[in-house]
file structure_36.cif (mmCIF, C-alpha atoms)
data_final
#
loop_
_atom_site.label_atom_id
_atom_site.label_comp_id
_atom_site.auth_asym_id
_atom_site.auth_seq_id
_atom_site.Cartn_x
_atom_site.Cartn_y
_atom_site.Cartn_z
CA MET A 1 2.44 0.57 20.31
CA ILE A 2 5.07 -0.76 17.89
CA ARG A 3 7.75 -1.85 20.32
CA GLN A 4 5.58 -4.07 22.49
CA THR A 5 5.36 -7.67 21.36
CA GLY A 6 3.90 -10.94 22.62
CA LYS A 7 2.24 -10.79 26.04
CA LYS A 8 3.11 -7.10 26.46
CA ARG A 9 0.61 -6.18 23.73
CA THR A 10 -2.77 -4.99 24.89
CA PHE A 11 -6.09 -4.33 23.21
CA LYS A 12 -5.28 -0.60 23.34
CA THR A 13 -1.90 -0.94 21.58
CA ASN A 14 -3.48 -3.17 18.93
CA ILE A 15 -6.18 -0.55 18.30
CA GLN A 16 -3.51 2.15 18.01
CA VAL A 17 -1.39 0.21 15.52
CA ALA A 18 -4.49 -0.89 13.59
CA SER A 19 -5.87 2.63 13.19
CA THR A 20 -2.64 4.37 12.18
CA LEU A 21 -1.14 1.77 9.88
CA SER A 22 -4.38 0.74 8.17
CA MET A 23 -4.99 4.42 7.40
CA THR A 24 -1.49 4.63 5.90
CA ALA A 25 -2.22 1.55 3.79
CA GLY A 26 -5.55 3.02 2.65
CA ILE A 27 -3.89 6.27 1.54
CA VAL A 28 -1.14 4.46 -0.36
CA ASN A 29 -3.53 1.99 -2.01
CA VAL A 30 -5.89 4.59 -3.46
CA ALA A 31 -3.14 7.07 -4.35
CA SER A 32 -1.26 4.37 -6.28
CA LEU A 33 -4.47 3.18 -7.92
CA ILE A 34 -5.16 6.65 -9.28
CA ALA A 35 -1.52 7.39 -10.11
CA PHE A 36 -0.41 4.06 -11.57
CA TYR A 37 -3.64 2.02 -12.00
CA VAL A 38 -2.13 -0.54 -9.61
CA LEU A 39 -3.35 -1.76 -6.20
CA THR A 40 -0.27 -1.85 -4.01
CA THR A 41 -1.37 -3.11 -0.60
CA ASN A 42 -2.41 -6.67 -1.42
CA VAL A 43 -1.61 -9.39 -3.91
CA THR A 44 -4.80 -11.46 -4.11
CA GLY A 45 -6.02 -9.64 -7.23
CA HIS A 46 -2.53 -9.70 -8.74
CA MET A 47 -2.41 -13.46 -8.31
CA ALA A 48 -5.69 -13.86 -10.21
CA ILE A 49 -4.52 -11.53 -13.01
CA PHE A 50 -1.17 -13.34 -13.04
CA SER A 51 -2.98 -16.58 -13.92
CA GLU A 52 -5.09 -14.78 -16.52
CA GLU A 53 -2.03 -13.26 -18.21
CA ILE A 54 -0.29 -16.66 -18.34
CA VAL A 55 -3.33 -18.13 -20.07
CA LYS A 56 -3.39 -15.22 -22.55
CA GLY A 57 0.37 -15.46 -23.15
CA HIS A 58 1.09 -11.84 -22.20
CA TRP A 59 4.62 -12.54 -21.03
CA HIS A 60 5.63 -9.01 -20.12
CA GLN A 61 2.60 -8.70 -17.84
CA VAL A 62 3.36 -12.13 -16.36
CA GLN A 63 6.88 -10.93 -15.57
CA ILE A 64 5.69 -7.70 -13.94
CA LEU A 65 2.97 -9.39 -11.89
CA PHE A 66 5.43 -12.02 -10.73
CA LEU A 67 7.81 -9.24 -9.69
CA TRP A 68 5.06 -7.45 -7.74
CA ILE A 69 3.98 -10.59 -5.91
CA PHE A 70 7.60 -11.49 -5.23
CA LEU A 71 8.39 -8.01 -3.87
CA PHE A 72 5.43 -8.10 -1.47
CA PHE A 73 6.81 -11.42 -0.22
CA PHE A 74 10.35 -10.00 -0.13
CA GLY A 75 9.12 -7.00 1.88
CA ALA A 76 7.61 -9.37 4.44
CA PHE A 77 10.86 -11.39 4.45
CA THR A 78 13.01 -8.27 4.92
CA SER A 79 10.85 -6.96 7.76
CA THR A 80 11.04 -10.21 9.70
CA TRP A 81 14.73 -10.57 8.91
CA ILE A 82 15.41 -7.08 10.33
CA VAL A 83 13.31 -7.77 13.44
CA ASN A 84 15.10 -11.06 14.10
CA VAL A 85 18.67 -10.00 13.29
CA VAL A 86 18.59 -6.50 14.81
CA GLY A 87 16.29 -7.72 17.58
CA ALA A 88 19.02 -10.09 18.78
CA THR A 89 21.29 -7.16 19.65
CA ASN A 90 18.90 -4.23 20.03
CA PRO A 91 15.32 -5.38 20.60
CA ARG A 92 14.04 -1.85 21.30
CA ARG A 93 15.03 -0.55 17.86
CA ALA A 94 14.20 -3.71 15.86
CA ASN A 95 10.48 -3.10 15.42
CA THR A 96 10.86 0.49 14.35
CA LEU A 97 13.43 -0.15 11.59
CA PRO A 98 10.98 -1.62 9.01
CA LEU A 99 8.71 1.39 9.56
CA ILE A 100 11.64 3.78 9.14
CA LEU A 101 12.46 2.01 5.87
CA GLU A 102 8.81 2.33 4.80
CA LEU A 103 8.86 6.01 5.73
CA ILE A 104 11.96 6.58 3.56
CA ILE A 105 10.22 4.80 0.66
CA PHE A 106 7.10 7.01 0.89
CA ILE A 107 9.18 10.18 1.04
CA GLY A 108 11.33 8.96 -1.88
CA ILE A 109 8.26 8.19 -4.00
CA GLY A 110 6.74 11.56 -3.16
CA PHE A 111 9.91 13.38 -4.25
CA TYR A 112 10.36 11.26 -7.38
CA GLY A 113 6.73 11.81 -8.33
CA LEU A 114 6.94 15.55 -7.86
CA PHE A 115 10.25 16.23 -9.57
CA PHE A 116 11.08 13.39 -11.98
CA TYR A 117 7.95 11.39 -12.87
CA GLU A 118 6.98 11.59 -16.55
CA GLY A 119 4.33 8.87 -16.60
CA HIS A 120 6.26 6.24 -18.56
CA LEU A 121 5.34 2.60 -18.06
CA ARG A 122 8.80 1.70 -16.72
CA GLU A 123 8.38 4.29 -13.97
CA THR A 124 4.88 3.05 -13.14
CA GLU A 125 6.15 -0.51 -12.87
CA MET A 126 9.13 0.49 -10.75
CA LEU A 127 7.20 2.73 -8.34
CA SER A 128 4.42 0.16 -7.92
CA SER A 129 7.06 -2.49 -7.19
CA ILE A 130 8.64 -0.36 -4.47
CA LEU A 131 5.24 0.36 -2.90
CA LEU A 132 4.36 -3.34 -2.86
CA PHE A 133 7.68 -4.01 -1.13
CA ALA A 134 6.86 -1.31 1.45
CA MET A 135 3.42 -2.79 2.09
CA GLY A 136 4.99 -6.24 2.51
CA LEU A 137 7.28 -4.69 5.13
CA GLN A 138 4.38 -3.12 7.01
CA ASN A 139 2.08 -6.11 6.88
CA ALA A 140 4.73 -8.52 8.14
CA LEU A 141 5.76 -6.20 10.96
CA VAL A 142 2.20 -5.64 12.17
CA THR A 143 1.42 -9.36 11.90
CA THR A 144 4.56 -10.27 13.86
CA ILE A 145 4.20 -7.76 16.68
CA SER A 146 0.47 -8.38 17.15
CA ASN A 147 0.73 -12.20 17.03
CA ALA A 148 -1.30 -12.20 13.78
CA VAL A 149 -4.19 -10.41 15.47
CA VAL A 150 -3.81 -7.26 13.32
CA ARG A 151 -3.30 -7.09 9.55
CA THR A 152 -3.45 -3.65 8.04
CA THR A 153 -3.05 -3.92 4.27
CA HIS A 154 -5.95 -6.06 3.08
CA LEU A 155 -9.47 -6.83 4.15
CA THR A 156 -10.50 -10.22 2.73
CA GLY A 157 -9.56 -12.26 5.79
CA LEU A 158 -10.68 -9.41 8.02
CA PHE A 159 -14.24 -9.39 6.68
CA THR A 160 -14.37 -13.18 7.02
CA ASP A 161 -13.33 -12.92 10.69
CA LEU A 162 -15.72 -10.01 11.19
CA GLY A 163 -18.61 -12.02 9.76
CA ILE A 164 -17.79 -14.97 12.02
CA GLY A 165 -17.40 -12.67 15.05
CA VAL A 166 -20.70 -10.85 14.56
CA ALA A 167 -22.52 -14.15 14.00
CA MET A 168 -20.95 -15.56 17.19
CA LEU A 169 -22.05 -12.49 19.15
CA ILE A 170 -25.61 -12.81 17.93
CA THR A 171 -26.13 -16.55 17.98
CA SER A 172 -23.82 -18.15 20.53
CA LYS A 173 -25.05 -18.25 24.12
CA SER A 174 -22.54 -20.51 25.82
CA VAL A 175 -19.21 -18.82 24.99
CA ASP A 176 -17.63 -15.83 26.70
CA LYS A 177 -18.55 -12.89 24.49
CA ALA A 178 -16.09 -10.30 25.84
CA PRO A 179 -13.05 -11.40 23.74
CA ILE A 180 -15.23 -11.75 20.63
CA LYS A 181 -16.59 -8.25 21.18
CA LYS A 182 -13.05 -6.90 21.47
CA LYS A 183 -12.05 -8.66 18.26
CA VAL A 184 -15.07 -7.27 16.40
CA ILE A 185 -14.17 -3.75 17.59
CA LEU A 186 -10.55 -4.22 16.48
CA LEU A 187 -11.52 -5.56 13.04
CA SER A 188 -14.08 -2.80 12.54
CA THR A 189 -11.42 -0.23 13.45
CA ILE A 190 -9.05 -1.62 10.80
CA ALA A 191 -11.79 -1.62 8.14
CA PHE A 192 -12.91 1.91 9.02
CA PHE A 193 -9.43 3.44 9.01
CA TYR A 194 -8.46 1.62 5.81
CA PHE A 195 -11.59 3.08 4.19
CA LEU A 196 -10.91 6.53 5.69
CA GLY A 197 -7.31 6.36 4.45
CA GLY A 198 -8.62 5.51 0.99
CA ILE A 199 -10.88 8.56 0.99
CA ILE A 200 -8.06 10.80 2.22
CA GLY A 201 -5.61 9.29 -0.29
CA GLY A 202 -8.05 9.82 -3.16
CA ILE A 203 -8.78 13.44 -2.23
CA LEU A 204 -5.10 14.21 -1.69
CA TYR A 205 -3.93 12.60 -4.93
CA LEU A 206 -6.62 14.22 -7.07
CA ASN A 207 -5.80 17.65 -5.63
CA PHE A 208 -2.11 17.50 -4.77
CA GLU A 209 -0.86 14.45 -6.68
CA PHE A 210 2.31 12.93 -5.19
CA TYR A 211 2.03 14.95 -1.97
CA ALA A 212 -0.43 12.19 -0.93
CA PHE A 213 2.56 9.96 -0.20
CA PHE A 214 3.92 12.59 2.20
CA ALA A 215 0.65 12.32 4.14
CA ALA A 216 1.21 8.56 4.51
CA ALA A 217 4.80 9.28 5.57
CA ALA A 218 3.57 11.90 8.07
CA ILE A 219 1.26 9.37 9.77
CA LEU A 220 4.15 6.91 10.04
CA LEU A 221 6.43 9.63 11.40
CA ILE A 222 3.86 10.67 14.03
CA SER A 223 3.39 7.00 15.03
CA LEU A 224 7.13 6.49 15.38
CA TYR A 225 7.61 9.75 17.29
CA TRP A 226 4.66 9.02 19.58
CA ASP A 227 5.95 5.52 20.23
CA HIS A 228 9.40 6.88 21.01
CA SER A 229 8.06 9.66 23.22
CA ARG A 230 5.90 7.15 25.10
CA ILE A 231 9.06 5.21 25.90
CA ALA A 232 10.86 8.40 26.94
CA PHE A 233 7.85 9.44 29.05
CA TYR A 234 7.71 6.02 30.66
CA ARG A 235 11.41 6.13 31.43
CA ALA A 236 11.19 9.64 32.87
CA ASN A 237 8.10 8.69 34.80
CA LYS A 238 9.82 5.58 36.10
CA ASN A 239 12.73 7.68 37.45
CA THR A 240 10.34 10.16 39.06
CA ARG A 241 8.38 7.36 40.64
CA MET A 242 11.57 5.79 42.01
CA ILE A 243 12.72 9.09 43.55
CA PHE A 244 9.28 9.65 45.08
CA ARG A 245 9.12 6.11 46.40
CA ASN A 246 12.61 6.40 47.96
CA ARG A 247 11.67 9.71 49.55
CA GLN A 248 8.52 8.12 50.96
CA LYS A 249 10.52 5.23 52.35
CA ARG A 250 12.98 7.58 54.01
CA GLN A 251 10.15 9.66 55.43
CA SER A 252 8.34 6.65 56.86
CA ALA A 253 11.59 5.33 58.32
CA LEU A 254 12.23 8.73 59.87
CA ASN A 255 8.69 8.83 61.24
CA ARG A 256 9.14 5.36 62.67
CA ASN A 257 12.37 6.48 64.38
CA LEU A 258 10.70 9.62 65.72
CA ASP A 259 7.81 7.56 67.06
CA GLU A 260 10.21 5.16 68.73
CA ASN A 261 12.20 8.03 70.25
CA GLU A 262 9.03 9.72 71.50
CA ALA A 263 7.83 6.46 73.00
CA LEU A 264 11.17 5.96 74.76
CA ALA A 265 11.09 9.54 76.04
CA GLU A 266 7.55 9.06 77.33
CA LYS A 267 8.56 5.82 79.06
CA GLU A 268 11.51 7.57 80.65
CA ARG A 269 9.32 10.47 81.81
CA LEU A 270 6.78 8.06 83.41
CA ARG A 271 9.57 6.11 85.11
CA ASN A 272 10.96 9.35 86.58
CA ILE A 273 7.53 10.36 87.86
CA ASN A 274 7.06 6.96 89.51
CA LYS A 275 10.42 7.30 91.23
CA MET J 1 27.76 -19.87 9.78
CA GLN J 2 24.24 -18.57 10.31
CA MET J 3 25.19 -15.16 8.91
CA MET J 4 26.62 -16.85 5.81
CA LEU J 5 23.39 -18.75 5.29
CA GLN J 6 21.37 -15.55 5.68
CA GLY J 7 23.65 -13.78 3.22
CA ARG J 8 23.16 -16.58 0.71
CA ILE J 9 19.38 -16.41 1.03
CA VAL J 10 19.36 -12.64 0.55
CA SER J 11 21.70 -12.79 -2.46
CA THR J 12 19.58 -15.59 -3.98
CA PHE J 13 16.49 -13.37 -3.65
CA LEU J 14 18.28 -10.44 -5.27
CA MET J 15 19.62 -12.57 -8.13
CA PHE J 16 16.16 -14.02 -8.62
CA SER J 17 14.55 -10.59 -8.87
CA LEU J 18 17.26 -9.44 -11.32
CA VAL J 19 16.59 -12.46 -13.53
CA ILE J 20 12.88 -11.67 -13.47
CA LEU J 21 13.57 -8.03 -14.35
CA SER J 22 15.70 -8.93 -17.33
CA GLY J 23 13.38 -11.67 -18.57
CA CYS J 24 11.73 -12.17 -21.92
CA GLY J 25 8.50 -10.63 -23.27
CA ASP J 26 8.17 -7.54 -25.47
CA HIS J 27 7.65 -4.34 -23.58
CA PRO J 28 4.20 -2.88 -24.37
CA GLU J 29 5.70 0.60 -24.95
CA GLN J 30 7.79 -0.88 -27.75
CA THR J 31 5.03 -3.09 -29.15
CA ILE J 32 2.59 -0.21 -29.56
CA VAL J 33 4.98 1.93 -31.63
CA GLY J 34 3.93 1.96 -35.29
CA GLU J 35 0.89 2.54 -37.49
CA TRP J 36 -2.45 0.96 -36.63
CA VAL J 37 -5.53 0.81 -38.84
CA GLU J 38 -8.92 0.61 -37.17
CA ILE J 39 -10.91 -2.33 -38.50
CA LYS J 40 -13.78 -2.53 -36.02
CA ALA J 41 -15.61 -0.21 -33.65
CA VAL J 42 -18.28 -1.65 -31.34
CA TYR J 43 -20.41 0.50 -29.05
CA GLU J 44 -22.03 -2.06 -26.73
CA ASN J 45 -24.86 -0.79 -24.52
CA TYR J 46 -23.95 2.68 -25.67
CA THR J 47 -27.49 3.72 -26.55
CA ASP J 48 -29.03 1.91 -23.57
CA ILE J 49 -27.46 4.21 -21.01
CA GLU J 50 -29.60 7.14 -19.95
CA ASP J 51 -28.20 10.62 -20.54
CA ASP J 52 -28.30 11.45 -16.85
CA GLU J 53 -26.31 8.31 -16.01
CA TYR J 54 -23.40 8.98 -18.30
CA ASP J 55 -22.07 11.84 -20.34
CA HIS J 56 -21.88 10.58 -23.93
CA ARG J 57 -19.45 13.28 -24.87
CA LYS J 58 -16.79 11.43 -22.85
CA VAL J 59 -16.83 8.56 -25.36
CA THR J 60 -15.29 9.91 -28.52
CA ARG J 61 -16.36 8.00 -31.59
CA HIS J 62 -13.36 6.56 -33.43
CA GLU J 63 -14.30 5.01 -36.75
CA THR J 64 -12.12 4.02 -39.73
CA GLU J 65 -9.18 5.90 -38.28
CA GLN J 66 -5.46 5.40 -38.48
CA TRP J 67 -3.47 5.74 -35.24
CA ILE J 68 0.27 6.34 -35.38
CA PHE J 69 2.32 5.91 -32.21
CA GLU J 70 5.85 7.32 -32.28
CA PRO J 71 8.74 6.20 -30.05
CA ASP J 72 8.98 9.73 -28.57
CA ASN J 73 5.49 9.22 -27.02
CA SER J 74 3.72 11.41 -29.56
CA PHE J 75 0.73 10.16 -31.55
CA THR J 76 -1.25 11.21 -34.62
CA ILE J 77 -4.82 10.16 -35.38
CA LYS J 78 -5.77 10.44 -39.04
CA ARG J 79 -9.49 10.65 -39.77
CA PRO J 80 -11.14 10.50 -43.21
CA HIS J 81 -11.88 13.99 -44.58
CA GLN J 82 -10.63 15.65 -41.40
CA GLU J 83 -7.47 17.28 -40.14
CA PRO J 84 -5.26 14.83 -38.19
CA VAL J 85 -5.13 15.28 -34.40
CA THR J 86 -1.97 14.97 -32.36
CA GLY J 87 -0.93 14.53 -28.76
CA LYS J 88 1.10 12.47 -26.32
CA TRP J 89 0.50 8.85 -25.38
CA ARG J 90 1.30 7.18 -22.08
CA MET J 91 0.94 3.67 -20.69
CA SER J 92 0.23 2.75 -17.10
CA GLY J 93 -0.44 -0.15 -14.73
CA ARG J 94 1.14 -3.37 -15.98
CA GLY J 95 0.89 -2.05 -19.55
CA HIS J 96 -2.89 -2.47 -19.63
CA ILE J 97 -3.79 1.23 -19.64
CA LEU J 98 -3.34 3.56 -22.62
CA LYS J 99 -3.78 7.30 -22.15
CA LEU J 100 -4.15 9.72 -25.04
CA LEU J 101 -3.35 13.27 -23.99
CA TYR J 102 -4.49 15.49 -26.85
CA ASP J 103 -2.72 18.70 -27.79
CA GLY J 104 -4.72 21.88 -27.26
CA GLU J 105 -6.30 23.44 -24.21
CA ASN J 106 -9.92 22.35 -24.64
CA SER J 107 -9.25 18.73 -25.52
CA ASN J 108 -10.60 15.78 -23.50
CA ASP J 109 -7.94 13.23 -22.63
CA GLU J 110 -8.91 9.60 -23.22
CA VAL J 111 -8.08 6.48 -21.21
CA TYR J 112 -8.31 2.99 -22.69
CA ASP J 113 -8.11 -0.45 -21.17
CA ILE J 114 -5.87 -2.57 -23.43
CA LYS J 115 -7.41 -6.02 -23.86
CA GLU J 116 -4.91 -7.28 -26.41
CA LEU J 117 -1.65 -5.90 -27.76
CA ASN J 118 0.70 -7.85 -29.95
CA ASN J 119 2.65 -7.32 -33.17
CA LYS J 120 -0.50 -7.79 -35.29
CA GLU J 121 -3.50 -6.66 -33.30
CA MET J 122 -4.57 -4.12 -30.70
CA ILE J 123 -7.96 -4.29 -28.96
CA ILE J 124 -8.88 -1.48 -26.57
CA ASN J 125 -11.91 -0.64 -24.43
CA VAL J 126 -12.81 2.85 -23.29
CA ASP J 127 -12.11 3.22 -19.57
CA ILE J 128 -14.74 5.53 -18.09
CA ASP J 129 -14.04 5.03 -14.38
CA MET J 130 -17.22 2.97 -14.02
CA GLU J 131 -17.85 -0.70 -13.59
CA ILE J 132 -19.04 -0.97 -17.18
CA ARG J 133 -16.90 -2.89 -19.60
CA GLY J 134 -17.11 -2.97 -23.37
CA ILE J 135 -19.07 0.25 -23.71
CA ALA J 136 -16.85 1.20 -26.66
CA ASN J 137 -14.45 -1.31 -28.10
CA PHE J 138 -11.97 -0.68 -30.93
CA THR J 139 -9.91 -3.22 -32.86
CA PHE J 140 -6.80 -2.24 -34.81
CA ARG J 141 -4.46 -4.08 -37.17
CA ARG J 142 -0.84 -3.07 -37.59
CA LYS J 143 -0.38 -1.40 -40.97
CA VAL J 144 3.22 -2.41 -41.50
CA PRO J 145 4.24 -5.70 -39.85
CA SER J 146 7.21 -5.27 -37.50
CA VAL J 147 8.83 -8.38 -39.05
CA PRO J 148 8.71 -8.31 -42.87
CA GLU J 149 7.33 -11.48 -44.44
CA THR J 150 9.86 -13.49 -46.40
#

call {"tool": "encode", "arguments": {"input": "structure_36.cif", "output": "structure tokens"}}
result
Amino acid sequence: MIRQTGKKRTFKTNIQVASTLSMTAGIVNVASLIAFYVLTTNVTGHMAIFSEEIVKGHWHQVQILFLWIFLFFFGAFTSTWIVNVVGATNPRRANTLPLILELIIFIGIGFYGLFFYEGHLRETEMLSSILLFAMGLQNALVTTISNAVVRTTHLTGLFTDLGIGVAMLITSKSVDKAPIKKKVILLSTIAFFYFLGGIIGGILYLNFEFYAFFAAAAILLISLYWDHSRIAFYRANKNTRMIFRNRQKRQSALNRNLDENEALAEKERLRNINK
Amino acid sequence: MQMMLQGRIVSTFLMFSLVILSGCGDHPEQTIVGEWVEIKAVYENYTDIEDDEYDHRKVTRHETEQWIFEPDNSFTIKRPHQEPVTGKWRMSGRGHILKLLYDGENSNDEVYDIKELNNKEMIINVDIDMEIRGIANFTFRRKVPSVPET
């Protein structure tokens, strides 16, 4: 679901990536909101507050908000950079590397939170920055591999598209409704799993604090493992199919030869009888 | 050639972020340290809210108090004719959240939304996890100016 890009992507793989990664984003967003009072999966709100803080002359806040917005951008840059540079030599691994990096970040934040976090503002700022970077990584990767069909870390554009899609389904009579229906299903899936992730993240953080980030990491790990095992299964299956196909070919060739031999023997027998 | 260009772009990004990190602007955790005298307490809409909608006990009344924030994250609140209360203070978010964690087992911790914090003035709103703003608003003046007047 992660390794396929371009024309190889299907509705099914988009649904899979949308459900798992939007749930991860939902968990991280709500956990970080409760832990640090910061939304870490999108920058629209930060941009508005950034303007507000400039007007008020709160220069420290301006600095921090700029850093957060910049790191979301830098995460997206890094993800695409990895995909392009590593993809040139090893295209199979390229798409998984940003997710592995994201996984390491979640585990690191979980450990830091459990063993070192004292609740100081510097820590809050630093951890929020790292999470925004991670979400930039994820969003860029998903956008790239799905040809901008799936976006898993924010819902503003999604609800706009969903509104347009539903209106098209209801009102339009001339257009082909099948692709619109598929799009509406995909967008609804993202919204639902983002919401579900938020609920899970909230419950986990309120009860187990920084362990919530391990849950997000676990979903990523399962996605990566499943993706890898799918490839392994496909490869194994491909080999099995090849062996079976070759055996079938040999068998049919053998049958053909047997048939020919039998026919020749029958001809010979009839010739002998005629003589 | 292409790798060099990529390296330059990455290093420019890193340098840029370092510059941002080391930029100007007083850190809120440093600005808040000192003695603050409460000059105004406003309880907007406080009496309008029905008892079953909101637990009034959550909003502690702070009137004519003196708040002292120490660099070691401890605080003392001095109230007229009462024993001072102590605890630990923490900041969160982008420096817009102030948490007061009171000493003692049965104490209710308080969370404030900082509307303004500079060397002279601090304005805070009670944060009650609801979409209601300005339910209790406190304004403080710094008792001793950080920069002595000449």

call {"tool": "atom_distance", "arguments": {"input": "structure_36.cif", "atom1": "CA of Tyr205 (chain A)", "atom2": "CA of Val142 (chain A)"}}
result
25.7 Å

call {"tool": "closest_residue", "arguments": {"input": "structure_36.cif", "among": "J:Trp89, J:Lys143, J:Asn125, J:Arg94", "to": "Leu67 (chain A)", "atoms": "all atoms listed in the file"}}
result
J:Arg94

call {"tool": "closest_residue", "arguments": {"input": "structure_36.cif", "among": "A:Leu187, A:Ala134, A:Ile200, A:Ala178", "to": "Gly75 (chain A)", "atoms": "all atoms listed in the file"}}
result
A:Ala134

call {"tool": "interface_residues", "arguments": {"input": "structure_36.cif", "of": "chain J", "to": "chain A", "cutoff": "6 Å", "atoms": "all atoms listed in the file", "output": "PyMOL selection string"}}
result
chain J and resi 25+91-94

call {"tool": "atom_distance", "arguments": {"input": "structure_36.cif", "atom1": "CA of Met23 (chain A)", "atom2": "CA of Thr41 (chain A)"}}
result
11.6 Å

call {"tool": "closest_residue", "arguments": {"input": "structure_36.cif", "among": "A:Ala212, A:Ile273, A:Ile164, A:Val150", "to": "Gly197 (chain A)", "atoms": "all atoms listed in the file"}}
result
A:Ala212

call {"tool": "residues_near_point", "arguments": {"input": "structure_36.cif", "point": "(11.0, -5.2, 18.2)", "cutoff": "12 Å", "atoms": "all atoms listed in the file", "output": "ChimeraX atom specification"}}
result
/A:1-6,8-9,79-99,141-142,144-146

call {"tool": "closest_residue", "arguments": {"input": "structure_36.cif", "among": "J:Thr64, J:Ser107, J:Asn137, J:Thr31", "to": "Ile77 (chain J)", "atoms": "all atoms listed in the file"}}
result
J:Thr64

call {"tool": "residues_around", "arguments": {"input": "structure_36.cif", "residues": "Ala136 (chain J)", "least_positions_apart": "5", "cutoff": "7 Å", "atoms": "all atoms listed in the file", "output": "short mmCIF file (atom, residue, chain, number, x, y, z; two decimals) with C-alpha atoms, in the coordinates of the input"}}
result
data_model
loop_
_atom_site.label_atom_id
_atom_site.label_comp_id
_atom_site.auth_asym_id
_atom_site.auth_seq_id
_atom_site.Cartn_x
_atom_site.Cartn_y
_atom_site.Cartn_z
CA VAL J 42 -18.28 -1.65 -31.34
CA TYR J 43 -20.41 0.50 -29.05
CA GLU J 44 -22.03 -2.06 -26.73
CA ASN J 125 -11.91 -0.64 -24.43
CA VAL J 126 -12.81 2.85 -23.29
#

call {"tool": "atom_distance", "arguments": {"input": "structure_36.cif", "atom1": "CA of Leu132 (chain A)", "atom2": "CA of Gly7 (chain J)"}}
result
22.8 Å

call {"tool": "resolve_selection", "arguments": {"input": "structure_36.cif", "expression": "the PyMOL selection byres ((chain J and resi 80) around 10)", "output": "list in words"}}
result
Glu63, Thr64, Glu65, Gln66, Lys78, Arg79, His81, Gln82, Glu83 and Pro84 of chain J

call {"tool": "write_last_selection", "arguments": {"input": "structure_36.cif", "atoms": "C-alpha atoms", "output": "compact mmCIF listing (two decimals), in the coordinates of the input"}}
result
# COMPACT_ATOMS: atom_id res chain seq x y z
CA GLU J 63 -14.30 5.01 -36.75
CA THR J 64 -12.12 4.02 -39.73
CA GLU J 65 -9.18 5.90 -38.28
CA GLN J 66 -5.46 5.40 -38.48
CA LYS J 78 -5.77 10.44 -39.04
CA ARG J 79 -9.49 10.65 -39.77
CA HIS J 81 -11.88 13.99 -44.58
CA GLN J 82 -10.63 15.65 -41.40
CA GLU J 83 -7.47 17.28 -40.14
CA PRO J 84 -5.26 14.83 -38.19

call {"tool": "residues_near_point", "arguments": {"input": "structure_36.cif", "point": "(1.5, 0.6, -36.5)", "cutoff": "8 Å", "atoms": "all atoms listed in the file", "output": "PyMOL selection string"}}
result
chain J and resi 32-37+67-69+141-145

call {"tool": "closest_residue", "arguments": {"input": "structure_36.cif", "among": "J:Val85, J:Leu98, J:His62, J:Ser11", "to": "Glu29 (chain J)", "atoms": "all atoms listed in the file"}}
result
J:Leu98

call {"tool": "axis_aligned_box", "arguments": {"input": "structure_36.cif", "around": "region 132-142 of chain A", "padding_each_side": "3 Å", "output": "JSON"}}
result
{"center_x": 4.9, "center_y": -4.9, "center_z": 4.7, "size_x": 11.6, "size_y": 13.2, "size_z": 21.0}

call {"tool": "resolve_selection", "arguments": {"input": "structure_36.cif", "expression": "the PyMOL selection byres ((chain J and resi 121) around 9)", "output": "ChimeraX atom specification"}}
result
/J:36,116-120,122-123,139-142

call {"tool": "decode", "arguments": {"input": "structure_36.cif", "residues": "region 48-56 of chain A", "atoms": "N, CA and C atoms", "output": "PDB file, in the first residue's frame"}}
result
ATOM      1  N   ALA A  48      -2.473  31.447  11.235  1.00  0.00           N
ATOM      2  CA  ALA A  48      -3.352  32.529  11.706  1.00  0.00           C
ATOM      3  C   ALA A  48      -2.809  33.126  13.021  1.00  0.00           C
ATOM      4  N   ILE A  49      -2.381  32.240  13.931  1.00  0.00           N
ATOM      5  CA  ILE A  49      -1.851  32.720  15.220  1.00  0.00           C
ATOM      6  C   ILE A  49      -0.520  33.453  15.003  1.00  0.00           C
ATOM      7  N   PHE A  50       0.247  32.978  14.038  1.00  0.00           N
ATOM      8  CA  PHE A  50       1.519  33.616  13.672  1.00  0.00           C
ATOM      9  C   PHE A  50       1.278  35.093  13.327  1.00  0.00           C
ATOM     10  N   SER A  51       0.263  35.338  12.505  1.00  0.00           N
ATOM     11  CA  SER A  51      -0.076  36.719  12.134  1.00  0.00           C
ATOM     12  C   SER A  51      -0.516  37.511  13.366  1.00  0.00           C
ATOM     13  N   GLU A  52      -1.325  36.859  14.197  1.00  0.00           N
ATOM     14  CA  GLU A  52      -1.830  37.529  15.408  1.00  0.00           C
ATOM     15  C   GLU A  52      -0.673  37.932  16.336  1.00  0.00           C
ATOM     16  N   GLU A  53       0.271  37.016  16.506  1.00  0.00           N
ATOM     17  CA  GLU A  53       1.402  37.286  17.414  1.00  0.00           C
ATOM     18  C   GLU A  53       2.318  38.387  16.863  1.00  0.00           C
ATOM     19  N   ILE A  54       2.429  38.470  15.541  1.00  0.00           N
ATOM     20  CA  ILE A  54       3.221  39.558  14.934  1.00  0.00           C
ATOM     21  C   ILE A  54       2.563  40.898  15.266  1.00  0.00           C
ATOM     22  N   VAL A  55       1.237  40.920  15.083  1.00  0.00           N
ATOM     23  CA  VAL A  55       0.494  42.163  15.352  1.00  0.00           C
ATOM     24  C   VAL A  55       0.645  42.573  16.820  1.00  0.00           C
ATOM     25  N   LYS A  56       0.616  41.582  17.724  1.00  0.00           N
ATOM     26  CA  LYS A  56       0.724  41.868  19.153  1.00  0.00           C
ATOM     27  C   LYS A  56       2.157  42.146  19.607  1.00  0.00           C
TER      28      LYS A  56
END
